[in-house]
Every structure is written in structure tokens, then in C-alpha cells.
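input.cif, holding mmCIF, C-alpha atoms:
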```
data_run
#
loop_
_atom_site.label_atom_id
_atom_site.label_comp_id
_atom_site.auth_asym_id
_atom_site.auth_seq_id
_atom_site.Cartn_x
_atom_site.Cartn_y
_atom_site.Cartn_z
CA MET A 21 16.91 -3.87 -25.73
CA SER A 22 15.30 -5.72 -28.62
CA HIS A 23 11.89 -5.60 -26.89
CA ASN A 24 11.89 -1.86 -27.24
CA LYS A 25 12.56 -1.99 -30.95
CA THR A 26 9.92 -4.67 -31.57
CA GLY A 27 7.35 -2.80 -29.49
CA LYS A 28 7.94 0.51 -31.24
CA THR A 29 7.88 -1.13 -34.68
CA GLY A 30 4.70 -2.98 -33.76
CA ARG A 31 3.05 0.24 -32.68
CA LYS A 32 4.21 1.99 -35.89
CA TRP A 33 2.43 -0.68 -37.97
CA ALA A 34 -0.59 -0.48 -35.65
CA GLY A 35 -0.68 3.28 -36.25
CA LEU A 36 -0.55 2.81 -40.04
CA LEU A 37 -3.28 0.17 -39.82
CA ALA A 38 -5.45 2.45 -37.67
CA ALA A 39 -4.97 5.28 -40.18
CA LEU A 40 -5.94 2.93 -43.02
CA CYS A 41 -9.06 1.78 -41.10
CA PHE A 42 -10.01 5.38 -40.46
CA ALA A 43 -9.53 6.32 -44.13
CA THR A 44 -11.71 3.41 -45.25
CA GLY A 45 -14.40 4.16 -42.68
CA VAL A 46 -13.76 1.01 -40.59
CA GLN A 47 -14.19 1.71 -36.87
CA ALA A 48 -11.00 0.78 -35.00
CA GLU A 49 -11.22 -0.62 -31.48
CA ILE A 50 -9.45 0.56 -28.34
CA ARG A 51 -7.33 -2.26 -26.94
CA ILE A 52 -6.81 -2.42 -23.18
CA GLY A 53 -4.66 -5.17 -21.69
CA SER A 54 -4.83 -6.88 -18.32
CA THR A 55 -2.81 -9.46 -16.42
CA VAL A 56 -4.22 -10.43 -13.01
CA SER A 57 -4.03 -13.40 -10.61
CA ALA A 58 -7.37 -14.99 -11.59
CA THR A 59 -6.04 -18.33 -10.30
CA GLY A 60 -3.30 -19.29 -7.84
CA PHE A 61 -2.61 -18.20 -4.26
CA ALA A 62 -3.98 -14.67 -4.80
CA SER A 63 -7.06 -15.72 -6.78
CA TYR A 64 -9.46 -14.37 -4.14
CA LEU A 65 -8.02 -10.96 -5.08
CA GLY A 66 -7.55 -11.53 -8.82
CA GLU A 67 -10.72 -13.39 -9.74
CA PRO A 68 -13.06 -10.48 -8.87
CA GLU A 69 -10.64 -8.14 -10.69
CA ALA A 70 -10.82 -10.25 -13.86
CA GLN A 71 -14.63 -10.57 -13.63
CA THR A 72 -15.02 -6.84 -13.01
CA LEU A 73 -12.92 -5.80 -16.00
CA LYS A 74 -14.87 -8.07 -18.35
CA MET A 75 -18.24 -6.97 -16.93
CA LEU A 76 -17.45 -3.25 -17.19
CA VAL A 77 -15.96 -3.46 -20.69
CA ASP A 78 -19.10 -5.29 -21.87
CA ASP A 79 -21.25 -2.64 -20.17
CA ILE A 80 -19.32 0.30 -21.65
CA ASN A 81 -19.47 -1.27 -25.11
CA ALA A 82 -23.22 -1.88 -24.82
CA LYS A 83 -23.59 1.86 -24.12
CA GLY A 84 -21.65 2.87 -27.23
CA GLY A 85 -18.03 2.44 -26.17
CA VAL A 86 -15.48 5.23 -25.72
CA LEU A 87 -15.08 8.04 -28.27
CA GLY A 88 -17.48 6.06 -30.46
CA LYS A 89 -15.17 3.02 -30.48
CA GLN A 90 -15.58 -0.37 -28.84
CA LEU A 91 -13.17 -1.38 -26.09
CA LYS A 92 -11.38 -4.70 -26.54
CA LEU A 93 -10.11 -6.28 -23.33
CA ILE A 94 -7.14 -8.60 -23.83
CA ALA A 95 -6.86 -10.49 -20.55
CA TYR A 96 -4.22 -12.89 -19.19
CA ASP A 97 -4.03 -14.84 -15.93
CA ASP A 98 -0.55 -14.71 -14.38
CA ALA A 99 -1.62 -16.77 -11.30
CA GLY A 100 0.44 -14.40 -9.13
CA ASP A 101 3.68 -15.50 -10.82
CA ALA A 102 5.96 -12.50 -11.40
CA ASN A 103 7.71 -14.15 -14.36
CA LYS A 104 4.39 -14.83 -16.08
CA ALA A 105 3.26 -11.26 -15.39
CA ARG A 106 6.45 -9.96 -17.03
CA THR A 107 5.92 -12.22 -20.08
CA PHE A 108 2.27 -11.19 -20.45
CA ALA A 109 3.13 -7.49 -20.15
CA THR A 110 5.59 -7.86 -23.03
CA ARG A 111 3.02 -9.80 -25.07
CA LEU A 112 0.33 -7.17 -24.42
CA VAL A 113 2.60 -4.43 -25.76
CA GLU A 114 4.36 -6.20 -28.63
CA ASP A 115 1.75 -8.64 -29.95
CA ASP A 116 -1.58 -7.29 -28.74
CA GLU A 117 -0.68 -3.60 -29.21
CA VAL A 118 -2.67 -2.33 -26.24
CA VAL A 119 -2.83 1.37 -25.34
CA ALA A 120 -2.87 0.76 -21.55
CA ILE A 121 -2.35 -2.10 -19.08
CA ILE A 122 -4.38 -2.78 -15.92
CA GLY A 123 -3.26 -5.45 -13.48
CA GLY A 124 -0.52 -6.68 -11.25
CA THR A 125 -2.83 -8.11 -8.55
CA THR A 126 0.13 -8.69 -6.22
CA THR A 127 3.06 -6.40 -5.52
CA GLY A 128 5.46 -9.00 -6.96
CA ALA A 129 3.55 -9.20 -10.25
CA THR A 130 3.24 -5.40 -10.44
CA MET A 131 6.97 -4.84 -9.92
CA ALA A 132 7.61 -7.31 -12.78
CA ILE A 133 5.29 -5.40 -15.15
CA ILE A 134 6.64 -1.90 -14.40
CA PRO A 135 9.90 -2.11 -16.44
CA THR A 136 8.01 -3.09 -19.62
CA ALA A 137 5.42 -0.34 -19.17
CA GLN A 138 8.13 2.24 -18.51
CA GLU A 139 10.40 1.17 -21.34
CA GLU A 140 7.62 0.86 -23.91
CA GLY A 141 5.83 4.06 -22.86
CA ILE A 142 2.53 2.32 -22.04
CA PRO A 143 0.42 3.66 -19.14
CA PHE A 144 0.04 0.99 -16.45
CA VAL A 145 -2.52 1.13 -13.63
CA SER A 146 -1.54 -1.31 -10.88
CA LEU A 147 -3.95 -3.08 -8.53
CA ALA A 148 -1.31 -3.80 -5.85
CA GLY A 149 -0.93 -2.28 -2.41
CA ALA A 150 2.74 -1.61 -1.70
CA ILE A 151 4.02 1.97 -1.63
CA GLU A 152 6.99 0.90 -3.82
CA VAL A 153 4.61 0.83 -6.79
CA ILE A 154 4.36 4.62 -6.85
CA LYS A 155 7.34 5.69 -4.75
CA PRO A 156 9.50 6.79 -6.41
CA VAL A 157 7.05 8.18 -8.97
CA ARG A 158 7.53 6.55 -12.37
CA SER A 159 6.26 8.36 -15.45
CA HIS A 160 3.93 5.59 -16.74
CA THR A 161 2.96 3.76 -13.52
CA PHE A 162 -0.19 4.57 -11.51
CA LYS A 163 -2.27 2.61 -9.00
CA THR A 164 -5.72 2.44 -7.39
CA PRO A 165 -5.35 0.78 -3.95
CA HIS A 166 -4.30 2.84 -0.94
CA THR A 167 -0.66 2.26 -0.01
CA ASP A 168 0.39 -0.02 2.82
CA ARG A 169 1.86 3.04 4.57
CA MET A 170 -1.59 4.71 4.57
CA ALA A 171 -3.12 1.52 5.97
CA CYS A 172 -0.57 1.53 8.81
CA ALA A 173 -1.45 5.17 9.56
CA LYS A 174 -5.20 4.42 9.67
CA ILE A 175 -4.66 1.44 12.01
CA PHE A 176 -2.35 3.35 14.35
CA GLU A 177 -4.79 6.29 14.49
CA ASP A 178 -7.48 3.88 15.67
CA MET A 179 -5.18 2.18 18.20
CA LYS A 180 -4.19 5.56 19.64
CA LYS A 181 -7.88 6.55 20.04
CA ARG A 182 -8.42 3.32 22.01
CA ASN A 183 -5.26 3.95 24.06
CA LEU A 184 -3.63 0.74 22.76
CA LEU A 185 -0.01 1.84 22.91
CA THR A 186 1.94 -1.45 22.83
CA VAL A 187 1.51 -3.79 19.87
CA GLY A 188 2.75 -7.18 18.69
CA LEU A 189 3.28 -7.58 14.92
CA ILE A 190 2.91 -10.74 12.87
CA SER A 191 3.68 -10.30 9.15
CA GLY A 192 3.72 -12.46 6.04
CA SER A 193 7.14 -13.09 4.49
CA ASP A 194 5.70 -12.33 1.01
CA SER A 195 6.30 -8.98 -0.72
CA PHE A 196 3.03 -7.47 0.62
CA GLY A 197 3.66 -8.50 4.25
CA ALA A 198 7.33 -7.49 4.19
CA SER A 199 6.58 -4.09 2.62
CA MET A 200 3.74 -3.29 5.02
CA ARG A 201 5.82 -4.37 8.05
CA LYS A 202 8.58 -1.99 6.93
CA GLN A 203 6.11 0.90 6.48
CA CYS A 204 4.38 0.26 9.83
CA LEU A 205 7.71 0.12 11.70
CA ASP A 206 8.74 3.34 9.97
CA ILE A 207 5.77 5.38 11.27
CA VAL A 208 4.59 3.61 14.45
CA GLY A 209 6.61 5.98 16.67
CA ASP A 210 4.70 8.98 15.26
CA TYR A 211 1.62 7.70 17.12
CA GLY A 212 3.36 7.08 20.45
CA ILE A 213 2.95 3.31 19.96
CA THR A 214 5.70 0.79 20.79
CA VAL A 215 6.23 -2.55 19.03
CA VAL A 216 6.96 -5.17 21.72
CA GLY A 217 6.98 -8.28 19.50
CA ASP A 218 7.72 -8.92 15.82
CA GLU A 219 6.89 -12.34 14.32
CA VAL A 220 6.80 -13.61 10.72
CA PHE A 221 4.81 -16.35 8.94
CA GLY A 222 5.38 -18.01 5.56
CA PRO A 223 2.82 -18.22 2.72
CA THR A 224 2.32 -21.98 3.22
CA ASP A 225 2.29 -22.03 7.05
CA ALA A 226 -0.83 -23.82 8.30
CA ASP A 227 -0.51 -22.94 11.99
CA MET A 228 0.60 -19.67 13.61
CA THR A 229 0.08 -20.79 17.22
CA PRO A 230 3.81 -20.53 18.16
CA GLN A 231 4.13 -16.94 16.87
CA LEU A 232 0.83 -15.85 18.49
CA THR A 233 1.82 -17.48 21.80
CA ASN A 234 5.12 -15.53 21.71
CA LEU A 235 3.24 -12.27 21.12
CA ARG A 236 0.63 -12.93 23.81
CA ASN A 237 3.41 -13.54 26.34
CA LYS A 238 5.17 -10.22 25.63
CA GLU A 239 5.03 -8.02 28.69
CA GLY A 240 2.47 -5.22 28.45
CA VAL A 241 1.20 -6.12 24.96
CA GLN A 242 -2.21 -4.48 24.36
CA ALA A 243 -3.07 -5.40 20.75
CA ILE A 244 -1.87 -7.60 17.89
CA LEU A 245 -1.57 -6.50 14.27
CA SER A 246 -1.47 -9.06 11.45
CA LEU A 247 -0.06 -7.96 8.09
CA GLY A 248 -0.62 -10.32 5.19
CA LEU A 249 -2.54 -11.65 2.20
CA GLY A 250 -4.03 -14.98 1.25
CA SER A 251 -5.00 -17.66 3.76
CA GLY A 252 -2.42 -16.68 6.42
CA PRO A 253 -4.46 -13.90 8.10
CA ALA A 254 -7.52 -16.21 8.27
CA ILE A 255 -5.41 -18.93 9.94
CA ILE A 256 -4.10 -16.31 12.39
CA THR A 257 -7.68 -15.27 13.19
CA ARG A 258 -8.74 -18.89 13.83
CA ASN A 259 -5.62 -19.63 15.94
CA TYR A 260 -6.28 -16.41 17.89
CA ALA A 261 -9.76 -17.68 18.83
CA GLN A 262 -8.42 -21.18 19.68
CA LEU A 263 -5.83 -19.64 22.02
CA ALA A 264 -8.56 -17.39 23.50
CA ILE A 265 -6.26 -14.35 23.26
CA ASP A 266 -8.11 -11.52 24.98
CA LEU A 267 -6.56 -8.61 23.07
CA PRO A 268 -7.88 -6.56 20.10
CA LEU A 269 -6.82 -8.09 16.76
CA TYR A 270 -6.20 -5.86 13.75
CA GLN A 271 -5.75 -7.06 10.16
CA SER A 272 -4.55 -5.15 7.10
CA HIS A 273 -6.57 -3.86 4.14
CA GLY A 274 -5.12 -6.88 2.29
CA VAL A 275 -8.00 -9.03 3.60
CA ALA A 276 -10.85 -6.54 3.22
CA SER A 277 -13.42 -8.87 1.64
CA ASP A 278 -16.28 -11.16 2.67
CA ALA A 279 -14.09 -14.09 1.57
CA PHE A 280 -11.84 -13.39 4.58
CA ILE A 281 -14.78 -13.62 7.04
CA LYS A 282 -15.84 -16.90 5.42
CA LEU A 283 -12.29 -18.29 5.56
CA ALA A 284 -11.64 -17.20 9.15
CA GLY A 285 -15.11 -18.12 10.46
CA LYS A 286 -17.88 -15.77 11.52
CA LYS A 287 -17.42 -16.48 15.27
CA GLU A 288 -13.61 -16.37 15.11
CA ALA A 289 -13.55 -13.08 13.15
CA GLU A 290 -15.87 -11.26 15.58
CA GLY A 291 -14.36 -7.93 16.65
CA VAL A 292 -11.49 -7.94 14.12
CA ARG A 293 -10.76 -4.41 12.88
CA LEU A 294 -9.14 -3.28 9.65
CA PRO A 295 -9.02 -0.32 7.28
CA GLY A 296 -11.16 -0.90 4.20
CA THR A 297 -12.83 0.88 1.33
CA PRO A 298 -16.33 2.39 1.41
CA LEU A 299 -17.38 -0.33 -1.04
CA LEU A 300 -17.71 -2.92 1.76
CA VAL A 301 -20.19 -0.72 3.61
CA ALA A 302 -21.77 1.09 0.64
CA GLU A 303 -25.31 0.99 2.04
CA LEU A 304 -24.09 2.37 5.41
CA LEU A 305 -22.57 5.49 3.84
CA ALA A 306 -24.29 8.83 4.41
CA GLU A 307 -26.78 9.84 1.68
CA ASP A 308 -24.59 12.83 0.75
CA ASP A 309 -21.33 10.82 0.61
CA PRO A 310 -20.09 11.20 -3.02
CA GLN A 311 -18.90 7.59 -3.04
CA ARG A 312 -22.24 6.11 -2.02
CA GLU A 313 -23.80 6.13 -5.49
CA VAL A 314 -20.68 4.83 -7.28
CA ALA A 315 -20.09 2.08 -4.71
CA LEU A 316 -23.74 0.97 -4.62
CA ARG A 317 -24.02 0.88 -8.42
CA TYR A 318 -20.90 -1.28 -8.80
CA LYS A 319 -21.88 -3.51 -5.84
CA GLN A 320 -25.34 -4.23 -7.31
CA GLN A 321 -23.96 -4.76 -10.83
CA TYR A 322 -21.18 -7.11 -9.67
CA GLU A 323 -23.32 -9.13 -7.26
CA SER A 324 -26.06 -9.72 -9.82
CA MET A 325 -23.44 -10.80 -12.39
CA ALA A 326 -21.18 -12.93 -10.15
CA GLY A 327 -23.74 -14.21 -7.65
CA LYS A 328 -21.42 -13.49 -4.73
CA PRO A 329 -20.52 -10.52 -2.52
CA VAL A 330 -18.55 -7.64 -3.98
CA SER A 331 -14.89 -7.32 -2.90
CA THR A 332 -12.53 -4.42 -2.37
CA PHE A 333 -10.21 -5.93 -4.97
CA GLY A 334 -12.79 -5.94 -7.74
CA GLY A 335 -13.31 -2.31 -6.75
CA TYR A 336 -9.64 -1.58 -7.46
CA ALA A 337 -10.15 -2.93 -11.01
CA HIS A 338 -13.36 -0.88 -11.40
CA ASP A 339 -11.49 2.29 -10.51
CA ALA A 340 -8.50 1.44 -12.71
CA LEU A 341 -10.68 0.92 -15.79
CA TYR A 342 -12.64 4.13 -15.22
CA LEU A 343 -9.41 6.08 -14.68
CA VAL A 344 -8.20 4.87 -18.10
CA VAL A 345 -11.58 5.50 -19.80
CA ASP A 346 -11.81 8.96 -18.24
CA ALA A 347 -8.25 9.71 -19.42
CA ILE A 348 -9.06 8.60 -22.99
CA GLU A 349 -12.20 10.74 -23.04
CA ARG A 350 -10.38 13.83 -21.74
CA ALA A 351 -7.45 13.28 -24.11
CA GLY A 352 -9.86 12.89 -27.02
CA LYS A 353 -7.75 10.04 -28.40
CA ALA A 354 -6.64 6.54 -27.41
CA GLU A 355 -2.88 6.95 -27.69
CA PRO A 356 -0.53 5.81 -24.89
CA ALA A 357 1.26 9.17 -24.46
CA ALA A 358 -2.01 11.12 -24.39
CA ILE A 359 -3.58 8.65 -21.93
CA ARG A 360 -0.53 8.91 -19.65
CA ASP A 361 -0.70 12.71 -19.59
CA ALA A 362 -4.45 12.69 -18.94
CA LEU A 363 -4.10 10.11 -16.12
CA GLU A 364 -1.56 12.34 -14.40
CA ASN A 365 -4.05 15.22 -14.63
CA THR A 366 -7.03 13.30 -13.18
CA LYS A 367 -9.04 15.58 -10.89
CA GLY A 368 -11.84 14.52 -8.53
CA LEU A 369 -12.69 11.18 -10.16
CA VAL A 370 -15.00 9.38 -7.71
CA GLY A 371 -14.30 5.65 -7.52
CA THR A 372 -15.29 2.81 -5.18
CA THR A 373 -11.98 3.16 -3.31
CA GLY A 374 -11.84 6.94 -2.99
CA THR A 375 -11.80 10.17 -4.97
CA TYR A 376 -8.71 10.37 -7.20
CA THR A 377 -6.81 13.60 -7.83
CA MET A 378 -3.39 12.90 -9.33
CA SER A 379 -0.39 15.04 -10.19
CA ALA A 380 3.17 14.70 -11.46
CA ALA A 381 4.21 14.06 -7.84
CA ASP A 382 1.33 11.70 -6.94
CA HIS A 383 0.31 8.74 -9.12
CA LEU A 384 -2.22 7.41 -6.58
CA GLY A 385 -4.26 10.51 -5.82
CA LEU A 386 -5.96 9.27 -2.62
CA ASP A 387 -5.67 10.54 0.93
CA LEU A 388 -6.49 8.87 4.28
CA SER A 389 -10.13 9.95 4.07
CA ALA A 390 -10.57 7.24 1.40
CA PHE A 391 -10.06 4.60 4.11
CA ARG A 392 -12.83 3.71 6.58
CA MET A 393 -12.11 1.84 9.80
CA LEU A 394 -14.26 -1.30 9.79
CA GLU A 395 -15.05 -3.95 12.39
CA ILE A 396 -16.51 -7.41 11.84
CA GLN A 397 -19.70 -7.74 13.90
CA ASP A 398 -21.91 -10.83 13.59
CA GLY A 399 -20.22 -11.80 10.30
CA LYS A 400 -20.75 -8.39 8.68
CA TRP A 401 -18.70 -5.24 8.15
CA LYS A 402 -19.61 -2.29 10.38
CA LEU A 403 -18.41 1.31 10.15
CA ILE A 404 -16.50 2.37 13.25
CA GLU A 405 -16.50 6.08 12.36
#
```

Give the structure from this file in C-alpha cells form.
Amino acid sequence: MSHNKTGKTGRKWAGLLAALCFATGVQAEIRIGSTVSATGFASYLGEPEAQTLKMLVDDINAKGGVLGKQLKLIAYDDAGDANKARTFATRLVEDDEVVAIIGGTTTGATMAIIPTAQEEGIPFVSLAGAIEVIKPVRSHTFKTPHTDRMACAKIFEDMKKRNLLTVGLISGSDSFGASMRKQCLDIVGDYGITVVGDEVFGPTDADMTPQLTNLRNKEGVQAILSLGLGSGPAIITRNYAQLAIDLPLYQSHGVASDAFIKLAGKKEAEGVRLPGTPLLVAELLAEDDPQREVALRYKQQYESMAGKPVSTFGGYAHDALYLVVDAIERAGKAEPAAIRDALENTKGLVGTTGTYTMSAADHLGLDLSAFRMLEIQDGKWKLIE
């Protein structure tokens, strides 16, 4: 492919330029690329990611940079459009000559970036949820959010504890909803839980009353699980309250932010449970919890900068950037191949989402303990365990 040739040639010239800068005593910069959904349907995920990356790069640079060099963030907004994400990934590699890419807010955008990262040999840390991002393992692709399969496991564990053994599913038809539905159906039987209803909603649907009515009327149904991103899950939560459905409602980690509570309504969201990151309940974590300090520091920094509550999704970007920075520092150089190898050998890096320990077989490096089961009580997140 011609892209490959252009990219490799571009990097060859970049290498010669860097050597020339070094020889003449000019300090080269470390270029990190990003493409996130800062606008568009997934902007409530992507905007905090974009803000976080800029804030942290500025902060790291103010403290002296990495390996004595300043970081340069080259950021694009793909608005959740997979074709734009693909174009920007190519531009980041060929024109901007970045040493790593962070982004892919949505699963669709991430899957569009992966081929470029793989082909060009550029480490890519995804911010998307689906298990397909890291399964099968691809040499240059990593990610920071828990997988949808892990979220299903956390939800079903909680249902089983509450003896809720028959569930109705309602999933988004987008790539996130479809992937998570598949993963949940794949493992639900392991928990002795039966799916008695299976409904779908589209990304532009403004009313889910028919689907929820179908689920409520299923014989023996004990709980309803909504799997989706964007405004859909908030509409489901409001419709649920309007229909006065007297069953526990679970949502996915895809809506783990204060923006969801605001969108759904404080009264309507009361009692909703979902698996989320420790970041949402940072001040409720035990004093000796290793994530408490990291989560609180980021939360305070972000909220004072943005003037709004921290979100799980900004936390994914926080962790992605620090994974890359940590890899550069351990490698002792900012070269794509060295960064990739160091990322794969990350051990015990504490982030806002969990503690990352990666390997050749695991490019996520989180286990279920990184998830906390949360419940919305009086408009706030509460720890259930």
C-alpha cells in the first residue's frame, strides 16, 4: 500500500531531522497524536477526553516534559465518524509524524484507526469499550477502558447476589450496544441467569416505551438491563419512570458519568445500578486504596480546569496518556517500536480506571477488581460494595 511507503519515508526524514536537531543542540519535541469525538453524538465521551489530553500535556510540559523534551499534542476531532478517524490516523502518521496515537472514542472509530496503526507500526491506545479492540491481540493496539465482557460479568455478579435470575435486555443497535449484547448473551448462563426478553433501539430513537412495555410483560422478568451509549440509555431511564416499572434497572459502564444523571433526571435515575470506575467515587474510596490518590488528583485538576464534574471517559484518556509517557520513560527513547515494547511490559501502573499490568497476551491489563458496582442515590454515585 502506498500509505506504508509514504509513512516509512516520512519517518526516515523525521529521524534524519531529529538527528540533525540533536547534533546542533536543538531540543526535539515528542509528538503524540489524538483523534477523539469532541463533537457529534459521542461528544459527552470525547469532549472530556480531548480536554484531559490537552490539560495533562500542558501540565507535564510545565514540569519539564518527558526525557527532557516537551510533548506536542496533535489533536483532531473525528465527531465519532469512522471514516474521519481513519483519515486522521493516516494524517497523524504520515504528515504529523507522531510516535503514538491516543483516541478512538467509539468502537467504530477505534476499529477504523487500528489498520493504520498496525500497518505503520505506531502504538495506538484506544479509549473504546468493546472487547474486539484487544481480542484478538494486535501487536500495536492497546486500550484503557474495561471490556464490555467484563462489564457484563460485573453486572451479572451483582444480579446473582440479589437473586435476580431472569432479565430483559434492551440494547443499542450501534457497535457498542451490539458488541456488549453479544458478550452478555455469551456469558449470562455462567451466572444461572436467563434472558427472557431481547429488545433493540436505534441511535436516533426518541421513545423506548414499546420495547420497555414488551420487557415488562415478559413472564417472570425480575430485572432489566440496558446496553448503550449516547442519549438512548437516558431516554430508557426516563421512559422506565414514566411507565412506573417496578423492577431493578441496570445500565452499562457506557453511561458512567454525571452527564447521564443530568440527562436522565435525578428522580428518574434513582436506584439505577451500573459498573463504573473508582474515579466517580474517588472520595468514597478507602484511605489505603492505591487508586484513591490518583483518582482524587485527576478529579480536582480536571474540575478546576473544566468547571464541571469529572467523567469516566476523561479518565480513560488520563490513563492512556500516562501509559504512553510511562512507556517512553522506561524505554529511554521516544521511538514507536520502543514505546510499543514498553507498553506491552507495563507492570502495576495505577490509573483512574484500574491498575494496569500488560503482557504479550493482554493489551488491556485490567481485571474485574478495577470495576466498582455503583448505584445512583439522590442524584449522586454511591458505592455498593

Excluding Glu67 in chain A and its own-chain neighbours fewer than 6 positions away, which residues fall within 7 Å of it when counting only C-alpha atoms? Please give them as a list in words.
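Answer for this query is Ser57, Ala58 and Thr59 of chain A.
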
Mind listing as a list in words all residues within 8 Å of (7.0, -12.5, -8.8), counting only C-alpha atoms?
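Protein and nucleic acid residues near the point are Gly100, Asp101, Ala102, Asn103, Ala105, Thr127, Gly128, Ala129, Met131 and Ala132 of chain A.
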
With 3 Å added on each side, what axis-aligned box encloses every listed atom of range 133-138 of chain A? Give the centre and edge lengths in Å to one decimal, as AutoDock Vina command-line options.
```
--center_x 7.6 --center_y -1.6 --center_z -17.0 --size_x 10.6 --size_y 13.6 --size_z 11.2
```

Within 6 Å of range 178-194 of chain A, which residues of range 215-273 of chain A come that close, and what is the closest atom pair and distance in Å for each? Count all atoms listed in the file and give it as CSV.
```
residue,atom,partner,partner_atom,distance
A:Val215,CA,A:Val187,CA,5.0
A:Val216,CA,A:Gly188,CA,5.6
A:Gly217,CA,A:Gly188,CA,4.4
A:Asp218,CA,A:Leu189,CA,4.7
A:Glu219,CA,A:Ile190,CA,4.5
A:Val220,CA,A:Ser191,CA,4.8
A:Phe221,CA,A:Gly192,CA,5.0
A:Gly222,CA,A:Ser193,CA,5.3
A:Leu235,CA,A:Gly188,CA,5.7
A:Val241,CA,A:Thr186,CA,5.2
A:Gln242,CA,A:Thr186,CA,5.4
A:Ala243,CA,A:Val187,CA,4.9
A:Ile244,CA,A:Gly188,CA,4.7
A:Leu245,CA,A:Leu189,CA,5.0
A:Ser246,CA,A:Ile190,CA,4.9
A:Leu247,CA,A:Ser191,CA,4.5
A:Gly248,CA,A:Gly192,CA,4.9
```

Could you work out how far CA of Thr167 in chain A lies from CA of Thr224 in chain A, giving the answer in Å with one decimal?
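Taking CA of Thr224 in chain A as the start and CA of Thr167 in chain A as the end point, the length is 24.6 Å.
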
With only C-alpha atoms as the counted atoms, please give the residues lying no more than 9 Å from Leu73 in chain A, apart from itself and same-chain residues fewer than 6 positions off, as a list in words.
Ser54, Leu93, Ala95, Gly334, Ala337, His338 and Leu341 of chain A

CA of Ala137 in chain A to CA of Arg158 in chain A, straight-line distance in Å
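Going from CA of Arg158 in chain A over to CA of Ala137 in chain A covers 9.9 Å.
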
Any idea what's packed within 10 Å of Thr72 in chain A, counting only C-alpha atoms, ignoring anything in its chain fewer than 6 positions away? Could you give it as a ChimeraX atom specification?
/A:66,78,318,321-322,325-326,330,333-338,341

For Ala120 in chain A, which residue among A:Glu303, A:Asp278, A:Glu239, A:Glu355 is the nearest when counting all atoms listed in the file?
A:Glu355

One-decimal distance in Å that lies between CA of Val157 in chain A and CA of Ala381 in chain A
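Computing it gives 6.6 Å between the two atoms.
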
List the residues matched by the PyMOL selection byres ((chain A and resi 257) around 9) in the displayed structure as a list of chain:residue names, ordered by chain and then by residue number.
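So the PyMOL selection byres ((chain A and resi 257) around 9) ends up selecting A:Ser246, A:Gly252, A:Pro253, A:Ala254, A:Ile255, A:Ile256, A:Arg258, A:Asn259, A:Tyr260, A:Ala261, A:Gln262, A:Leu269, A:Gln271, A:Ala284, A:Gly285, A:Glu288, A:Ala289, A:Val292.
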
Do you know which residues are at most 10 Å from Glu313 in chain A counting only C-alpha atoms, after dropping those on the same chain fewer than 6 positions away, and could you put them as a count of residues only?
8
